[in-house]
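**Q** This is the content of coords-v2.txt (compact mmCIF, C-alpha atoms):
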# COMPACT_ATOMS: atom_id res chain seq x y z
CA MET F 1156 -59.75 96.73 25.21
CA GLY F 1157 -59.49 93.20 23.88
CA VAL F 1158 -56.67 94.19 21.51
CA ALA F 1159 -54.84 96.07 24.27
CA SER F 1160 -55.17 93.03 26.52
CA LEU F 1161 -53.80 90.73 23.80
CA VAL F 1162 -50.85 93.05 23.09
CA LEU F 1163 -49.97 93.39 26.78
CA GLY F 1164 -50.33 89.64 27.26
CA ILE F 1165 -47.99 88.88 24.36
CA ILE F 1166 -45.42 91.41 25.63
CA ALA F 1167 -45.62 89.82 29.08
CA ILE F 1168 -45.05 86.35 27.58
CA ILE F 1169 -42.06 87.59 25.57
CA ILE F 1170 -40.56 89.23 28.66
CA GLY F 1171 -41.29 86.11 30.68
CA LEU F 1172 -39.62 83.82 28.16
CA PHE F 1173 -36.59 85.87 27.23
CA SER F 1174 -35.69 88.30 30.00
CA SER F 1175 -37.74 87.46 33.04
CA GLY F 1176 -34.77 87.59 35.37
CA SER F 1177 -34.18 91.21 34.41
CA PHE F 1178 -37.59 92.65 33.61
CA GLY F 1179 -39.98 90.18 35.23
CA TRP F 1180 -41.38 93.00 37.38
CA LEU F 1181 -42.24 94.98 34.25
CA GLY F 1182 -43.74 91.95 32.51
CA ALA F 1183 -45.84 91.17 35.59
CA ILE F 1184 -47.23 94.72 35.54
CA PHE F 1185 -48.08 94.42 31.82
CA GLY F 1186 -49.67 91.01 32.41
CA ILE F 1187 -51.80 92.18 35.34
CA ILE F 1188 -53.07 95.20 33.38
CA GLY F 1189 -53.76 92.82 30.46
CA ILE F 1190 -55.89 90.60 32.74
CA ILE F 1191 -57.99 93.59 33.86
CA LEU F 1192 -58.47 94.77 30.27
CA GLY F 1193 -59.28 91.23 29.11
CA ILE F 1194 -62.06 90.87 31.67
CA GLN F 1195 -63.41 94.32 30.81
CA GLY F 1196 -63.22 93.51 27.09
CA LYS F 1197 -65.29 90.34 27.53
CA LYS F 1198 -68.23 92.58 28.45
CA VAL F 1199 -68.00 94.50 25.16
CA PRO F 1200 -70.18 92.93 22.40
CA GLY F 1201 -68.08 91.63 19.52
CA GLN F 1202 -64.82 91.62 21.50
CA GLU F 1203 -65.41 88.44 23.48
CA GLY F 1204 -63.05 86.26 21.44
CA ILE F 1205 -60.03 88.53 21.30
CA SER F 1206 -60.55 89.52 24.94
CA GLN F 1207 -60.57 85.87 25.95
CA GLY F 1208 -57.32 85.40 24.01
CA GLY F 1209 -55.83 88.49 25.67
CA LEU F 1210 -56.90 87.23 29.08
CA VAL F 1211 -55.28 83.83 28.56
CA CYS F 1212 -52.04 85.38 27.18
CA SER F 1213 -51.92 87.86 30.07
CA ILE F 1214 -52.35 85.12 32.67
CA ILE F 1215 -49.62 83.00 31.05
CA GLY F 1216 -47.31 86.04 30.75
CA THR F 1217 -47.87 87.09 34.37
CA VAL F 1218 -47.15 83.59 35.66
CA LEU F 1219 -43.97 83.31 33.54
CA CYS F 1220 -42.74 86.67 34.80
CA LEU F 1221 -43.50 85.95 38.45
CA PHE F 1222 -41.80 82.55 38.28
CA LEU F 1223 -38.33 84.08 38.16
CA PHE F 1224 -38.67 86.44 41.11
CA VAL F 1225 -35.68 85.84 43.29
CA ALA F 1226 -36.57 86.81 46.84
CA CYS F 1227 -38.71 89.19 48.81
CA VAL F 1228 -36.43 91.30 50.96
CA ALA F 1229 -32.96 89.89 51.03
CA CYS F 1230 -31.54 91.17 47.85
CA VAL F 1231 -29.56 94.09 49.14
CA ALA F 1232 -27.09 91.28 49.73
CA CYS F 1233 -27.72 89.91 46.20
CA ILE F 1234 -27.19 93.36 44.72
CA GLY F 1235 -23.90 93.63 46.54
CA VAL F 1236 -22.81 90.24 45.18
CA ALA F 1237 -23.99 91.15 41.68
CA GLY F 1238 -22.13 94.43 41.88
CA THR F 1239 -18.89 92.72 42.84
CA ALA F 1240 -19.27 90.16 40.05
CA GLY F 1241 -20.30 92.82 37.57
CA ALA F 1242 -17.07 94.64 38.30
CA THR F 1243 -15.01 91.53 37.67
CA LEU F 1244 -16.83 90.12 34.64
CA MET S 206 -30.69 82.77 29.36
CA GLU S 207 -29.79 86.30 28.58
CA GLY S 208 -30.90 88.73 31.21
CA ILE S 209 -31.15 86.23 34.05
CA PRO S 210 -28.90 87.38 36.90
CA PHE S 211 -25.67 85.46 36.94
CA PHE S 212 -26.17 84.05 40.41
CA LEU S 213 -29.13 82.04 39.13
CA LEU S 214 -26.96 80.26 36.66
CA ARG S 215 -24.40 78.56 38.85
CA LYS S 216 -24.87 75.01 37.69
CA GLY S 217 -24.81 72.40 40.40
CA LYS S 218 -25.81 74.94 43.05
CA MET S 219 -29.39 74.46 44.22
CA PHE S 220 -29.42 77.28 46.72
CA MET S 221 -31.86 79.52 44.87
CA GLY S 222 -34.29 77.06 43.32
CA ILE S 223 -34.61 74.01 41.14
CA GLN S 224 -32.66 73.47 37.95
CA VAL S 225 -34.68 72.71 34.81
CA GLY S 226 -32.17 72.13 32.04
CA ASP S 227 -30.08 75.28 31.89
CA ILE S 228 -32.66 77.40 33.67
CA LEU S 229 -32.88 77.72 37.41
CA ILE S 230 -36.37 78.52 38.70
CA PRO S 231 -36.06 80.38 42.03
CA TRP S 232 -37.92 78.96 45.00
CA TYR S 233 -39.39 82.33 45.79
CA GLY S 234 -41.00 82.84 42.39
CA MET S 235 -42.26 79.28 42.37
CA PHE S 236 -43.96 79.68 45.72
CA ILE S 237 -45.35 83.12 44.82
CA VAL S 238 -47.03 81.54 41.78
CA THR S 239 -48.23 78.62 43.94
CA GLY S 240 -49.63 81.10 46.47
CA ILE S 241 -51.46 83.05 43.77
CA ALA S 242 -52.91 79.82 42.33
CA ALA S 243 -54.01 78.73 45.80
CA GLY S 244 -55.51 82.19 46.39
CA ALA S 245 -57.40 82.07 43.08
CA LEU S 246 -58.84 78.68 44.00
CA ALA S 247 -59.69 79.80 47.55
CA GLY S 248 -61.39 82.93 46.16
CA TYR S 249 -63.50 80.77 43.84
CA ILE S 250 -64.54 78.51 46.72
CA LEU S 251 -65.26 81.42 49.09
CA LEU S 252 -67.44 83.19 46.53
CA ARG S 253 -69.61 80.15 45.88
CA GLY S 254 -72.94 80.69 47.52
CA THR S 255 -72.66 84.48 47.31
CA GLU S 256 -74.02 86.73 44.57
CA MET S 257 -70.60 88.20 43.82
CA ALA S 258 -68.96 87.53 40.45
CA TYR S 259 -65.62 85.73 40.25
CA ASP S 260 -64.52 88.11 37.47
CA ASP S 261 -64.93 91.01 39.91
CA PHE S 262 -62.77 89.16 42.41
CA VAL S 263 -60.04 88.64 39.78
CA GLN S 264 -60.10 92.31 38.77
CA ALA S 265 -59.99 93.46 42.38
CA ALA S 266 -57.11 91.01 43.00
CA CYS S 267 -55.24 92.50 39.99
CA PHE S 268 -55.64 96.04 41.34
CA VAL S 269 -54.53 94.84 44.77
CA GLY S 270 -51.55 93.08 43.13
CA LEU S 271 -50.47 96.19 41.25
CA GLY S 272 -50.89 98.40 44.31
CA ALA S 273 -49.06 95.85 46.44
CA MET S 274 -46.08 95.68 44.05
CA VAL S 275 -45.75 99.46 44.04
CA GLY S 276 -46.27 99.83 47.81
CA ALA S 277 -43.96 96.96 48.75
CA LYS S 278 -41.23 98.30 46.50
CA LEU S 279 -41.56 101.89 47.75
CA LEU S 280 -41.33 100.84 51.41
CA TYR S 281 -38.38 98.58 50.61
CA LEU S 282 -36.58 101.44 48.88
CA ALA S 283 -37.37 103.69 51.84
CA VAL S 284 -35.99 101.31 54.48
CA SER S 285 -32.99 100.25 52.35
CA TRP S 286 -32.15 103.75 51.15
CA ASP S 287 -28.61 103.72 52.59
CA ALA S 288 -27.73 100.38 50.95
CA ILE S 289 -28.64 101.48 47.43
CA ASP S 290 -25.74 102.48 45.18
CA PHE S 291 -27.23 105.44 43.32
CA SER S 292 -24.11 105.82 41.19
CA ARG S 293 -25.08 102.53 39.47
CA ILE S 294 -28.78 103.25 39.12
CA THR S 295 -28.46 103.68 35.33
CA ASP S 296 -26.82 100.24 35.00
CA PRO S 297 -29.66 98.03 33.59
CA GLU S 298 -28.48 94.93 35.46
CA TYR S 299 -28.32 96.76 38.79
CA LEU S 300 -31.66 98.47 38.18
CA SER S 301 -33.38 95.20 37.28
CA LEU S 302 -32.01 93.53 40.41
CA LEU S 303 -33.16 96.44 42.51
CA MET S 304 -36.64 96.37 41.00
CA GLY S 305 -37.03 92.60 40.66
CA SER S 306 -36.36 91.74 44.27
CA GLY S 307 -36.85 93.48 47.56
CA PHE S 308 -40.41 93.81 48.80
CA VAL S 309 -41.74 94.74 52.24
CA PHE S 310 -45.08 93.18 53.10
CA TYR S 311 -46.53 96.15 54.99
CA GLY S 312 -45.81 98.45 52.04
CA GLY S 313 -47.61 95.88 49.92
CA LEU S 314 -50.54 95.81 52.31
CA LEU S 315 -50.95 99.59 52.25
CA GLY S 316 -50.46 99.69 48.46
CA GLY S 317 -52.94 96.83 48.07
CA LEU S 318 -55.56 98.73 50.07
CA ALA S 319 -54.97 101.77 47.85
CA GLY S 320 -55.37 99.50 44.79
CA LEU S 321 -58.62 98.12 46.20
CA TYR S 322 -59.95 101.65 46.69
CA LEU S 323 -59.00 102.59 43.12
CA CYS S 324 -60.66 99.43 41.78
CA GLY S 325 -63.92 100.42 43.46
CA ARG S 326 -63.68 103.95 42.09
CA ILE S 327 -62.71 103.00 38.52
CA LEU S 328 -64.66 99.79 37.91
CA HIS S 329 -67.56 100.41 40.32
CA ILE S 330 -67.15 97.02 41.97
CA PRO S 331 -68.36 96.58 45.59
CA VAL S 332 -64.79 96.00 46.73
CA LEU S 333 -65.38 96.20 50.46
CA ALA S 334 -68.01 93.46 50.43
CA LEU S 335 -65.80 91.41 48.12
CA ALA S 336 -62.77 91.84 50.37
CA ARG S 337 -64.77 90.89 53.48
CA GLU S 338 -65.73 87.58 51.88
CA THR S 339 -62.35 86.71 50.36
CA ILE S 340 -59.76 88.14 52.77
CA PRO S 341 -58.37 84.64 53.73
CA VAL S 342 -56.80 84.66 50.25
CA ILE S 343 -54.17 87.20 51.41
CA PRO S 344 -52.68 85.22 54.33
CA LEU S 345 -52.91 82.04 52.25
CA ALA S 346 -50.83 83.50 49.38
CA HIS S 347 -48.50 85.27 51.81
CA GLY S 348 -47.89 82.00 53.67
CA PHE S 349 -46.70 80.37 50.45
CA GLY S 350 -44.42 83.36 49.84
CA ARG S 351 -42.88 82.84 53.27
CA ILE S 352 -42.14 79.21 52.40
CA GLY S 353 -40.22 80.62 49.43
CA CYS S 354 -38.33 82.91 51.83
CA ALA S 355 -37.52 79.92 54.06
CA LEU S 356 -36.08 77.99 51.12
CA VAL S 357 -33.99 80.82 49.67
CA GLY S 358 -32.87 82.12 53.06
CA CYS S 359 -34.16 85.69 52.98
CA CYS S 360 -36.00 87.25 55.98
CA TYR S 361 -33.89 84.94 58.17
CA GLY S 362 -34.07 84.48 61.94
CA ILE S 363 -31.70 85.06 64.85
CA PRO S 364 -28.90 82.61 65.64
CA TYR S 365 -30.53 79.76 67.56
CA ASP S 366 -29.50 76.23 68.38
CA GLY S 367 -32.78 74.66 69.53
CA PRO S 368 -35.28 72.36 67.83
CA GLY S 369 -36.12 73.25 64.24
CA ALA S 370 -33.01 75.39 63.71
CA VAL S 371 -32.02 75.79 60.06
CA VAL S 372 -28.50 76.03 58.67
CA TYR S 373 -28.00 77.62 55.24
CA THR S 374 -24.91 76.37 53.49
CA ASP S 375 -25.41 78.33 50.26
CA SER S 376 -27.78 81.27 50.51
CA PRO S 377 -27.26 84.72 48.97
CA ALA S 378 -28.83 86.38 52.00
CA ALA S 379 -28.64 84.38 55.23
CA PRO S 380 -25.44 83.91 57.28
CA LEU S 381 -23.90 80.65 56.11
CA ASN S 382 -23.22 77.60 58.30
CA THR S 383 -24.93 79.21 61.30
CA PRO S 384 -27.96 77.63 63.01
CA LEU S 385 -30.85 80.11 62.74
CA PHE S 386 -34.38 80.34 64.10
CA PRO S 387 -36.82 79.23 61.34
CA VAL S 388 -38.79 82.48 61.50
CA GLN S 389 -40.02 82.27 57.90
CA ALA S 390 -41.51 78.79 58.45
CA VAL S 391 -43.12 79.92 61.72
CA GLU S 392 -44.64 82.94 59.96
CA ALA S 393 -45.90 80.71 57.11
CA ALA S 394 -47.60 78.44 59.66
CA GLY S 395 -49.07 81.50 61.40
CA GLU S 396 -50.41 82.81 58.09
CA PHE S 397 -52.10 79.49 57.32
CA VAL S 398 -53.68 79.47 60.80
CA ILE S 399 -54.95 83.05 60.25
CA ALA S 400 -56.40 82.02 56.86
CA ALA S 401 -58.17 79.06 58.48
CA VAL S 402 -59.54 81.16 61.37
CA LEU S 403 -60.83 83.82 58.96
CA THR S 404 -62.47 81.22 56.71
CA VAL S 405 -64.28 79.60 59.64
CA TYR S 406 -65.37 83.03 60.90
CA ILE S 407 -66.66 84.15 57.48
CA VAL S 408 -68.60 80.92 56.93
CA ARG S 409 -70.10 81.15 60.43
CA CYS S 410 -71.15 84.79 59.86
CA ARG S 411 -72.68 83.82 56.53
CA LYS S 412 -74.76 81.11 58.20
CA GLN S 413 -75.92 83.55 60.88
CA GLY S 414 -76.74 86.25 58.30
CA LYS S 415 -74.18 88.68 59.81
CA THR S 416 -71.72 90.92 58.00
CA PRO S 417 -68.24 89.55 58.83
CA ARG S 418 -65.70 91.96 60.36
CA SER S 419 -63.02 89.97 58.63
CA LEU S 420 -60.81 92.82 57.33
CA GLY S 421 -60.26 94.25 60.79
CA LEU S 422 -59.79 90.76 62.22
CA TYR S 423 -57.15 89.93 59.61
CA LEU S 424 -55.25 93.19 60.11
CA GLY S 425 -55.29 92.72 63.89
CA LEU S 426 -54.21 89.07 63.84
CA TYR S 427 -51.40 89.69 61.36
CA ALA S 428 -50.18 92.77 63.24
CA VAL S 429 -49.83 90.70 66.44
CA LEU S 430 -48.08 87.84 64.62
CA ARG S 431 -45.68 90.15 62.81
CA PHE S 432 -44.91 92.31 65.85
CA PHE S 433 -43.67 89.33 67.87
CA LEU S 434 -41.91 87.53 65.01
CA GLU S 435 -39.87 90.65 64.27
CA PHE S 436 -38.06 90.07 67.59
CA VAL S 437 -36.61 86.81 66.24
CA ARG S 438 -35.56 88.17 62.85
CA TYR S 439 -31.93 88.94 62.24
CA ASP S 440 -31.87 90.80 58.92
CA ASP S 441 -31.78 94.16 60.72
CA HIS S 442 -29.79 95.97 58.00
CA GLU S 443 -32.64 95.39 55.53
CA ARG S 444 -35.62 96.22 57.72
CA GLY S 445 -34.86 99.65 59.10
CA ILE S 446 -34.65 100.04 62.89
CA PHE S 447 -36.01 103.10 64.69
CA LEU S 448 -35.85 103.56 68.49
CA GLY S 449 -34.92 99.91 68.95
CA ILE S 450 -37.76 98.33 67.00
CA SER S 451 -38.20 97.69 63.30
CA THR S 452 -40.27 99.63 60.76
CA SER S 453 -42.69 96.68 60.54
CA GLN S 454 -43.13 96.67 64.33
CA TRP S 455 -44.00 100.36 64.30
CA ILE S 456 -46.51 99.71 61.52
CA SER S 457 -47.88 96.63 63.36
CA ALA S 458 -48.41 98.66 66.52
CA ALA S 459 -50.15 101.44 64.57
CA VAL S 460 -52.35 98.96 62.67
CA LEU S 461 -53.31 97.13 65.87
CA ALA S 462 -54.17 100.40 67.63
CA ALA S 463 -56.27 101.51 64.64
CA VAL S 464 -58.12 98.16 64.53
CA VAL S 465 -58.88 98.23 68.28
CA LEU S 466 -60.16 101.82 68.06
CA HIS S 467 -62.21 100.94 64.98
CA PHE S 468 -63.85 97.93 66.64
CA LYS S 469 -64.59 99.99 69.78
CA ARG S 470 -66.21 102.71 67.71
CA TYR S 471 -68.39 100.27 65.78
CA LYS S 472 -69.05 97.89 68.67
CA LYS S 473 -72.81 97.81 68.31
CA THR S 474 -73.34 99.17 64.82
CA ASP S 475 -72.46 97.95 61.35
CA CYS S 476 -68.71 97.90 61.00
CA PRO S 477 -67.25 99.06 57.67
CA LEU S 478 -64.25 96.70 57.99
Starting from the file, lay out its structure as structure tokens.
**A**
Amino acid sequence: MGVASLVLGIIAIIIGLFSSGSFGWLGAIFGIIGIILGIQGKKVPGQEGISQGGLVCSIIGTVLCLFLFVACVACVACIGVAGTAGATL
Amino acid sequence: MEGIPFFLLRKGKMFMGIQVGDILIPWYGMFIVTGIAAGALAGYILLRGTEMAYDDFVQAACFVGLGAMVGAKLLYLAVSWDAIDFSRITDPEYLSLLMGSGFVFYGGLLGGLAGLYLCGRILHIPVLALARETIPVIPLAHGFGRIGCALVGCCYGIPYDGPGAVVYTDSPAAPLNTPLFPVQAVEAAGEFVIAAVLTVYIVRCRKQGKTPRSLGLYLGLYAVLRFFLEFVRYDDHERGIFLGISTSQWISAAVLAAVVLHFKRYKKTDCPL
């Protein structure tokens, strides 16, 4: 579980750093699952260290991914704007 | 910068957030993270003096978060069904915009409750007792989210020219250059008041050795707040209107009725919520 947490945390950080605007929602899901696995892993003897690392990476990744969320409800309008621009770009 | 929607990158425009170098951090995301941090701190403080573990709280919060994301998105897709361009659903940019924004709180609340139930089943954590003690965390985090809405201009209010009216000059959602009722700020204030009331109630129950009925109290208080604030919201095309009132008002009325019935049923006995 510690390794899974670390992997998910690193993926979440990568998504958060490089494509959060597009896949932040996916990175946040990975990060949150990584946090759960990290806490569970801390209870397994011998996995405390890697689980702690996974937990920290997952928290950082989740925060990075959530930072670039745009709005809660309004983005039907945003999607319309993006669609228009996408057609012209 | 690759992958960030183009409307975040209009240099010199501060309508969506604050500019840090070439990157614009949206207000909404910033306040969501602030709300989560405040909730984590509040959860830590609320659990002091109880025998419950903070790790359990974090895991339960993660399950609630996952359930809330799924539920909020599903309800948003349901109420915005007509506005979605399904011919572009395979376009990655369109899909990411659709998935990365657009959440309805009541969907999140129902999804969060489902997540809490799953957490109890999978991890064998006493989630109900945990939720009773830490429920003020939800309105606290939600209140910060509403401040994000107020700054970006989503979930906007009706045209209004009185005290406190806000005028958006550059918002991707709200009508521009029109004085609007600051419904998001009013809801944020209401959420903070609910969080404070719940905290006082929980602490008082703890001192008296009673089990707090805080879940039902929260659901009831928020349902009343939301039902009335929906009348001064103006983003009708995004909320879904049925028989003259919005989806959230229908859900508020149903939640309030369920809470009243629940409290009547468990008036003199131990109340599960």
**Q** Using all atoms listed in the file, pick whichever of F:Ile1184, F:Thr1217, F:Phe1224, F:Ile1190 has the shortest atom-to-atom distance to F:Gly1171.
**A**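 Checking each candidate against F:Gly1171, we get F:Thr1217 as the closest.
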**Q** Using only C-alpha atoms - which residues lie no farther than 8 Å from the point (-53.0, 77.8, 53.4) in the file's frame? Write them as a PyMOL selection string.
**A** chain S and resi 243+344-346+348-349+396-398+400-401
**Q** May I ask which of the residues F:Gln1195, F:Gln1207, F:Ser1213, F:Ser1174 is the closest one to F:Met1156, counting all atoms listed in the file?
**A**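 Looking only at the distances to F:Met1156, the closest residue turns out to be F:Gln1195.
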**Q** From the list F:Ile1214, F:Ile1191, F:Leu1221, F:Ala1167, which residue is nearest S:Thr239 when using all atoms listed in the file?
**A**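 The answer is F:Leu1221, which sits nearest to S:Thr239.
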**Q** Quick one: distance from atom CA of F:Gly1164 to atom CA of S:Ser301 in Å, one decimal?
**A**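 So the two atoms, atom CA of F:Gly1164 and atom CA of S:Ser301, lie 20.5 Å apart.
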**Q** Kindly give the distance, in Å, that separates atom CA of S:Tyr259 and atom CA of S:Met235, rounded to a single decimal.
**A**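 Value for the atom CA of S:Tyr259-atom CA of S:Met235 distance: 24.3 Å.
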**Q** Kindly give the distance, in Å, that separates atom CA of S:Val225 and atom CA of S:Met304, rounded to a single decimal.
**A**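 The value is 24.5 Å.
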**Q** What would stretch 1172-1201 of chain F look like with N, CA and C atoms in place, written as an mmCIF file, keeping the file's coordinate frame?
**A**
data_model
loop_
_atom_site.group_PDB
_atom_site.id
_atom_site.type_symbol
_atom_site.label_atom_id
_atom_site.label_comp_id
_atom_site.auth_asym_id
_atom_site.auth_seq_id
_atom_site.Cartn_x
_atom_site.Cartn_y
_atom_site.Cartn_z
ATOM 1 N N LEU F 1172 -40.427 84.878 28.792
ATOM 2 C CA LEU F 1172 -39.620 83.820 28.160
ATOM 3 C C LEU F 1172 -38.168 84.232 27.983
ATOM 4 N N PHE F 1173 -37.942 85.494 27.661
ATOM 5 C CA PHE F 1173 -36.590 85.870 27.230
ATOM 6 C C PHE F 1173 -35.808 86.753 28.208
ATOM 7 N N SER F 1174 -36.502 87.461 29.093
ATOM 8 C CA SER F 1174 -35.690 88.300 30.000
ATOM 9 C C SER F 1174 -36.353 88.437 31.350
ATOM 10 N N SER F 1175 -36.972 87.367 31.804
ATOM 11 C CA SER F 1175 -37.740 87.460 33.040
ATOM 12 C C SER F 1175 -36.871 87.819 34.235
ATOM 13 N N GLY F 1176 -35.645 87.290 34.234
ATOM 14 C CA GLY F 1176 -34.770 87.590 35.370
ATOM 15 C C GLY F 1176 -34.504 89.075 35.495
ATOM 16 N N SER F 1177 -34.487 89.781 34.365
ATOM 17 C CA SER F 1177 -34.180 91.210 34.410
ATOM 18 C C SER F 1177 -35.427 92.067 34.517
ATOM 19 N N PHE F 1178 -36.425 91.766 33.694
ATOM 20 C CA PHE F 1178 -37.590 92.650 33.610
ATOM 21 C C PHE F 1178 -38.896 91.950 33.982
ATOM 22 N N GLY F 1179 -38.778 90.907 34.808
ATOM 23 C CA GLY F 1179 -39.980 90.180 35.230
ATOM 24 C C GLY F 1179 -40.981 91.108 35.898
ATOM 25 N N TRP F 1180 -40.488 92.059 36.680
ATOM 26 C CA TRP F 1180 -41.380 93.000 37.380
ATOM 27 C C TRP F 1180 -42.207 93.802 36.384
ATOM 28 N N LEU F 1181 -41.541 94.188 35.271
ATOM 29 C CA LEU F 1181 -42.240 94.980 34.250
ATOM 30 C C LEU F 1181 -43.262 94.107 33.516
ATOM 31 N N GLY F 1182 -42.840 92.881 33.183
ATOM 32 C CA GLY F 1182 -43.740 91.950 32.510
ATOM 33 C C GLY F 1182 -44.949 91.620 33.357
ATOM 34 N N ALA F 1183 -44.719 91.470 34.686
ATOM 35 C CA ALA F 1183 -45.840 91.170 35.590
ATOM 36 C C ALA F 1183 -46.839 92.330 35.592
ATOM 37 N N ILE F 1184 -46.328 93.552 35.572
ATOM 38 C CA ILE F 1184 -47.230 94.720 35.540
ATOM 39 C C ILE F 1184 -48.039 94.722 34.245
ATOM 40 N N PHE F 1185 -47.364 94.485 33.112
ATOM 41 C CA PHE F 1185 -48.080 94.420 31.820
ATOM 42 C C PHE F 1185 -49.142 93.316 31.864
ATOM 43 N N GLY F 1186 -48.750 92.154 32.373
ATOM 44 C CA GLY F 1186 -49.670 91.010 32.410
ATOM 45 C C GLY F 1186 -50.893 91.292 33.264
ATOM 46 N N ILE F 1187 -50.674 91.905 34.426
ATOM 47 C CA ILE F 1187 -51.800 92.180 35.340
ATOM 48 C C ILE F 1187 -52.760 93.180 34.695
ATOM 49 N N ILE F 1188 -52.199 94.224 34.063
ATOM 50 C CA ILE F 1188 -53.070 95.200 33.380
ATOM 51 C C ILE F 1188 -53.823 94.493 32.232
ATOM 52 N N GLY F 1189 -53.129 93.581 31.544
ATOM 53 C CA GLY F 1189 -53.760 92.820 30.460
ATOM 54 C C GLY F 1189 -54.934 91.980 30.963
ATOM 55 N N ILE F 1190 -54.792 91.404 32.170
ATOM 56 C CA ILE F 1190 -55.890 90.600 32.740
ATOM 57 C C ILE F 1190 -57.111 91.487 32.987
ATOM 58 N N ILE F 1191 -56.866 92.666 33.569
ATOM 59 C CA ILE F 1191 -57.990 93.590 33.860
ATOM 60 C C ILE F 1191 -58.687 93.979 32.542
ATOM 61 N N LEU F 1192 -57.880 94.351 31.547
ATOM 62 C CA LEU F 1192 -58.470 94.770 30.270
ATOM 63 C C LEU F 1192 -59.186 93.606 29.583
ATOM 64 N N GLY F 1193 -58.645 92.411 29.709
ATOM 65 C CA GLY F 1193 -59.280 91.230 29.110
ATOM 66 C C GLY F 1193 -60.659 90.986 29.697
ATOM 67 N N ILE F 1194 -60.759 91.090 31.025
ATOM 68 C CA ILE F 1194 -62.060 90.870 31.670
ATOM 69 C C ILE F 1194 -63.042 91.972 31.273
ATOM 70 N N GLN F 1195 -62.543 93.209 31.230
ATOM 71 C CA GLN F 1195 -63.410 94.320 30.810
ATOM 72 C C GLN F 1195 -63.863 94.138 29.354
ATOM 73 N N GLY F 1196 -62.915 93.685 28.501
ATOM 74 C CA GLY F 1196 -63.220 93.510 27.090
ATOM 75 C C GLY F 1196 -64.269 92.445 26.831
ATOM 76 N N LYS F 1197 -64.301 91.418 27.712
ATOM 77 C CA LYS F 1197 -65.290 90.340 27.530
ATOM 78 C C LYS F 1197 -66.721 90.854 27.623
ATOM 79 N N LYS F 1198 -66.879 92.021 28.290
ATOM 80 C CA LYS F 1198 -68.230 92.580 28.450
ATOM 81 C C LYS F 1198 -68.658 93.397 27.230
ATOM 82 N N VAL F 1199 -67.686 93.687 26.339
ATOM 83 C CA VAL F 1199 -68.000 94.500 25.160
ATOM 84 C C VAL F 1199 -68.470 93.582 24.024
ATOM 85 N N PRO F 1200 -69.677 93.805 23.485
ATOM 86 C CA PRO F 1200 -70.180 92.930 22.400
ATOM 87 C C PRO F 1200 -69.232 92.939 21.196
ATOM 88 N N GLY F 1201 -68.956 91.750 20.678
ATOM 89 C CA GLY F 1201 -68.080 91.630 19.520
ATOM 90 C C GLY F 1201 -66.611 91.485 19.861
#
